[in-house]
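What follows is a single structure, written as structure tokens, with notes after it.
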Amino acid sequence: HRYYKEETMNLIPIIKYYKQMGFKLQEMGNVQKTLDSFYKEPKFLTKQSELKEEEQRIKNSYLAITEWVELLREGSIAIENNIQNVNIKYFDSFDYVYLEQEFHQNYMDAVINIPWVNYLETIDCQISGPVILYYENGQEKMSNDASKVKVLQKPVNNLLSSVPTMSFGGKLLLSSYHIGDLSQINKQYTKMLDWAKENNYEYSNELYERFVIDYWSTMNTDTFVVELLVPVTKKK
């Protein structure tokens, strides 16, 4: 049996409290050697800073997972109910990070995008939510003539002021889901423009493709869900 001095035993509640505050055992040694509060303060301030960073990391991770779950639910509802009708939608405006790239009609390369991921790392940007592909001319894209695309995603951490951003939302958008094989997406786009004409809406050439269920979640293209979005205004 080991016997401990009462003074040593009285340190146990202190050690447990330090552990509760996030200190590891190896960090507690020097803190316990003195009662000098000025000696302790730097230790506590350093730990406070570490915990603040960890708190933000957990918040970012939680937000990313939450938005992923919401996308899967959104896509599942669209598939189960075969929601492919055309409607008008409004998104709140938000500044997205983006990167302009060559587009070669290859969705897998555009969505699972290694240059995009590398770019996010270079600007120290954490993102959440869906990948959005933006084309300045949707009709060229649907004719397989588009050569440029901008990849957008929503940042969850503060960015350097030098990082370029692009506003998405803040306007009326023609909306419709495409479900299934992406080679057939043109048909849904044509359906949307026909609806706009019939319902007295003037549509922009711009096109956004908001990927709800895609290669990041499954390789079964029959279960892909992409929301097509076109800026519109009501004719007077």
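Numbering starts fresh at 1 for the residues of each chain in the structure tokens, the chains themselves are lettered A, B, ... in the order given, and ligands are numbered from 1 as they appear.
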
Residues near Lys235 of chain A, cut-off 8 Å, only C-alpha atoms, skip fewer than 6 positions along chain, as an mmCIF file with all heavy atoms, in the first residue's frame:
data_model
loop_
_atom_site.group_PDB
_atom_site.id
_atom_site.type_symbol
_atom_site.label_atom_id
_atom_site.label_comp_id
_atom_site.auth_asym_id
_atom_site.auth_seq_id
_atom_site.Cartn_x
_atom_site.Cartn_y
_atom_site.Cartn_z
ATOM 1 N N ASN A 200 -44.835 34.887 -67.504
ATOM 2 C CA ASN A 200 -44.520 36.313 -67.595
ATOM 3 C C ASN A 200 -43.313 36.721 -66.742
ATOM 4 O O ASN A 200 -43.317 37.768 -66.091
ATOM 5 C CB ASN A 200 -45.747 37.152 -67.214
ATOM 6 C CG ASN A 200 -45.731 38.518 -67.869
ATOM 7 O OD1 ASN A 200 -45.235 38.674 -68.990
ATOM 8 N ND2 ASN A 200 -46.270 39.514 -67.185
ATOM 9 N N TYR A 201 -42.261 35.881 -66.768
ATOM 10 C CA TYR A 201 -41.012 36.220 -66.091
ATOM 11 C C TYR A 201 -39.907 36.414 -67.128
ATOM 12 O O TYR A 201 -39.833 35.676 -68.115
ATOM 13 C CB TYR A 201 -40.586 35.105 -65.122
ATOM 14 C CG TYR A 201 -41.316 35.148 -63.804
ATOM 15 C CD1 TYR A 201 -42.476 34.400 -63.615
ATOM 16 C CD2 TYR A 201 -40.854 35.925 -62.746
ATOM 17 C CE1 TYR A 201 -43.159 34.432 -62.405
ATOM 18 C CE2 TYR A 201 -41.529 35.964 -61.534
ATOM 19 C CZ TYR A 201 -42.673 35.214 -61.370
ATOM 20 O OH TYR A 201 -43.348 35.256 -60.172
ATOM 21 N N GLU A 202 -39.087 37.413 -66.891
ATOM 22 C CA GLU A 202 -37.925 37.625 -67.731
ATOM 23 C C GLU A 202 -36.720 36.988 -67.061
ATOM 24 O O GLU A 202 -36.448 37.253 -65.888
ATOM 25 C CB GLU A 202 -37.686 39.122 -67.929
ATOM 26 C CG GLU A 202 -36.575 39.445 -68.903
ATOM 27 C CD GLU A 202 -36.476 40.931 -69.211
ATOM 28 O OE1 GLU A 202 -37.438 41.660 -68.886
ATOM 29 O OE2 GLU A 202 -35.444 41.347 -69.758
#

Filtered DSSP result for segment 74-164 of chain A, state helix (DSSP H, G or I), as a list of chain:residue names: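 Going through segment 74-164 of chain A, the helix (DSSP H, G or I) residues come out as A:Glu74, A:Gly75, A:Ser76, A:Ile77, A:Ala78, A:Ile79, A:Glu80, A:Tyr107, A:Met108, A:Asp109, A:Ala110, A:Val111, A:Ile114, A:Pro115, A:Trp116, A:Val117, A:Asn118, A:Tyr119, A:Leu120, A:Glu121, A:Thr122, A:Gly138, A:Gln139, A:Glu140, A:Lys141, A:Met142.
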
Near-Ser93 of chain A list (6 Å; only C-alpha atoms; drop same-chain fewer than 6 positions) as an NGL selection string: :A and (168-170)

From A:Thr66, A:Gln105, A:Asn87, A:Asn186, residue lying nearest Leu174 of chain A [only C-alpha atoms]: A:Asn87

Within 6 Å of segment 153-164 of chain A using only C-alpha atoms, minus same-chain residues under 4 positions, as a PDB file with all heavy atoms, in the first residue's frame:
ATOM      1  N   TYR A  96     -19.670  34.174 -51.092  1.00  0.00           N
ATOM      2  CA  TYR A  96     -19.067  32.857 -51.262  1.00  0.00           C
ATOM      3  C   TYR A  96     -17.633  32.991 -51.782  1.00  0.00           C
ATOM      4  O   TYR A  96     -17.322  33.909 -52.540  1.00  0.00           O
ATOM      5  CB  TYR A  96     -19.864  32.029 -52.273  1.00  0.00           C
ATOM      6  CG  TYR A  96     -21.153  31.447 -51.736  1.00  0.00           C
ATOM      7  CD1 TYR A  96     -22.158  32.249 -51.227  1.00  0.00           C
ATOM      8  CD2 TYR A  96     -21.360  30.078 -51.745  1.00  0.00           C
ATOM      9  CE1 TYR A  96     -23.337  31.719 -50.734  1.00  0.00           C
ATOM     10  CE2 TYR A  96     -22.546  29.521 -51.267  1.00  0.00           C
ATOM     11  CZ  TYR A  96     -23.520  30.351 -50.761  1.00  0.00           C
ATOM     12  OH  TYR A  96     -24.686  29.819 -50.276  1.00  0.00           O
ATOM     13  N   VAL A  97     -16.790  32.056 -51.387  1.00  0.00           N
ATOM     14  CA  VAL A  97     -15.479  31.964 -52.023  1.00  0.00           C
ATOM     15  C   VAL A  97     -15.662  31.274 -53.372  1.00  0.00           C
ATOM     16  O   VAL A  97     -16.579  30.464 -53.545  1.00  0.00           O
ATOM     17  CB  VAL A  97     -14.462  31.189 -51.162  1.00  0.00           C
ATOM     18  CG1 VAL A  97     -14.026  31.995 -49.980  1.00  0.00           C
ATOM     19  CG2 VAL A  97     -15.013  29.845 -50.722  1.00  0.00           C
ATOM     20  N   GLN A 126     -12.232  27.184 -44.553  1.00  0.00           N
ATOM     21  CA  GLN A 126     -13.093  26.033 -44.280  1.00  0.00           C
ATOM     22  C   GLN A 126     -14.477  26.340 -44.833  1.00  0.00           C
ATOM     23  O   GLN A 126     -14.985  27.444 -44.672  1.00  0.00           O
ATOM     24  CB  GLN A 126     -13.162  25.769 -42.775  1.00  0.00           C
ATOM     25  CG  GLN A 126     -11.810  25.467 -42.145  1.00  0.00           C
ATOM     26  CD  GLN A 126     -11.896  25.386 -40.635  1.00  0.00           C
ATOM     27  OE1 GLN A 126     -12.797  24.778 -40.081  1.00  0.00           O
ATOM     28  NE2 GLN A 126     -10.937  26.012 -39.957  1.00  0.00           N
ATOM     29  N   ILE A 127     -15.083  25.346 -45.487  1.00  0.00           N
ATOM     30  CA  ILE A 127     -16.351  25.590 -46.173  1.00  0.00           C
ATOM     31  C   ILE A 127     -17.442  24.641 -45.659  1.00  0.00           C
ATOM     32  O   ILE A 127     -17.170  23.649 -44.969  1.00  0.00           O
ATOM     33  CB  ILE A 127     -16.198  25.449 -47.705  1.00  0.00           C
ATOM     34  CG1 ILE A 127     -15.398  24.185 -48.085  1.00  0.00           C
ATOM     35  CG2 ILE A 127     -15.482  26.654 -48.271  1.00  0.00           C
ATOM     36  CD1 ILE A 127     -16.183  22.929 -48.131  1.00  0.00           C
ATOM     37  N   SER A 128     -18.677  24.966 -46.003  1.00  0.00           N
ATOM     38  CA  SER A 128     -19.801  24.080 -45.689  1.00  0.00           C
ATOM     39  C   SER A 128     -20.845  24.241 -46.790  1.00  0.00           C
ATOM     40  O   SER A 128     -20.774  25.154 -47.615  1.00  0.00           O
ATOM     41  CB  SER A 128     -20.417  24.428 -44.328  1.00  0.00           C
ATOM     42  OG  SER A 128     -21.092  25.673 -44.387  1.00  0.00           O
ATOM     43  N   VAL A 131     -21.687  22.364 -53.163  1.00  0.00           N
ATOM     44  CA  VAL A 131     -20.918  22.944 -54.265  1.00  0.00           C
ATOM     45  C   VAL A 131     -21.908  23.610 -55.217  1.00  0.00           C
ATOM     46  O   VAL A 131     -22.949  23.047 -55.543  1.00  0.00           O
ATOM     47  CB  VAL A 131     -20.133  21.850 -55.019  1.00  0.00           C
ATOM     48  CG1 VAL A 131     -19.492  22.423 -56.286  1.00  0.00           C
ATOM     49  CG2 VAL A 131     -19.080  21.232 -54.115  1.00  0.00           C
TER      50      VAL A 131
END

Nearby residues (only C-alpha atoms) at most 10 Å from Tyr98 of chain A, same-chain spacing under 5 positions excluded, as a list in words: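 Close residues of Tyr98 of chain A: Trp116, Tyr119, Leu120, Ile132, Leu133, Tyr134, Val149, Lys150, Val151, Leu152, Gln153, Lys154, Pro155, Val163, Pro164, Thr165, Met166 and Ser167 of chain A.
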
Close residues, Asn82 of chain A itself excluded, 12 Å, only C-alpha atoms, min 3 positions apart in chain, as an MDAnalysis selection string: chainID A and resid 74:79 85 176:180 223 225

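A straight line drawn from atom CA of Lys171 of chain A to atom CA of Glu209 of chain A is 15.8 Å long.
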
Which of segment 15-157 of chain A fall in strand (DSSP E or B), as number ranges by chain: A: 87-90, 94-102, 127-135, 148-155

Nearest residue to Tyr62 of chain A from the set A:Lys148, A:Phe103, A:Gly129, A:Ile83 (distances using only C-alpha atoms): A:Gly129
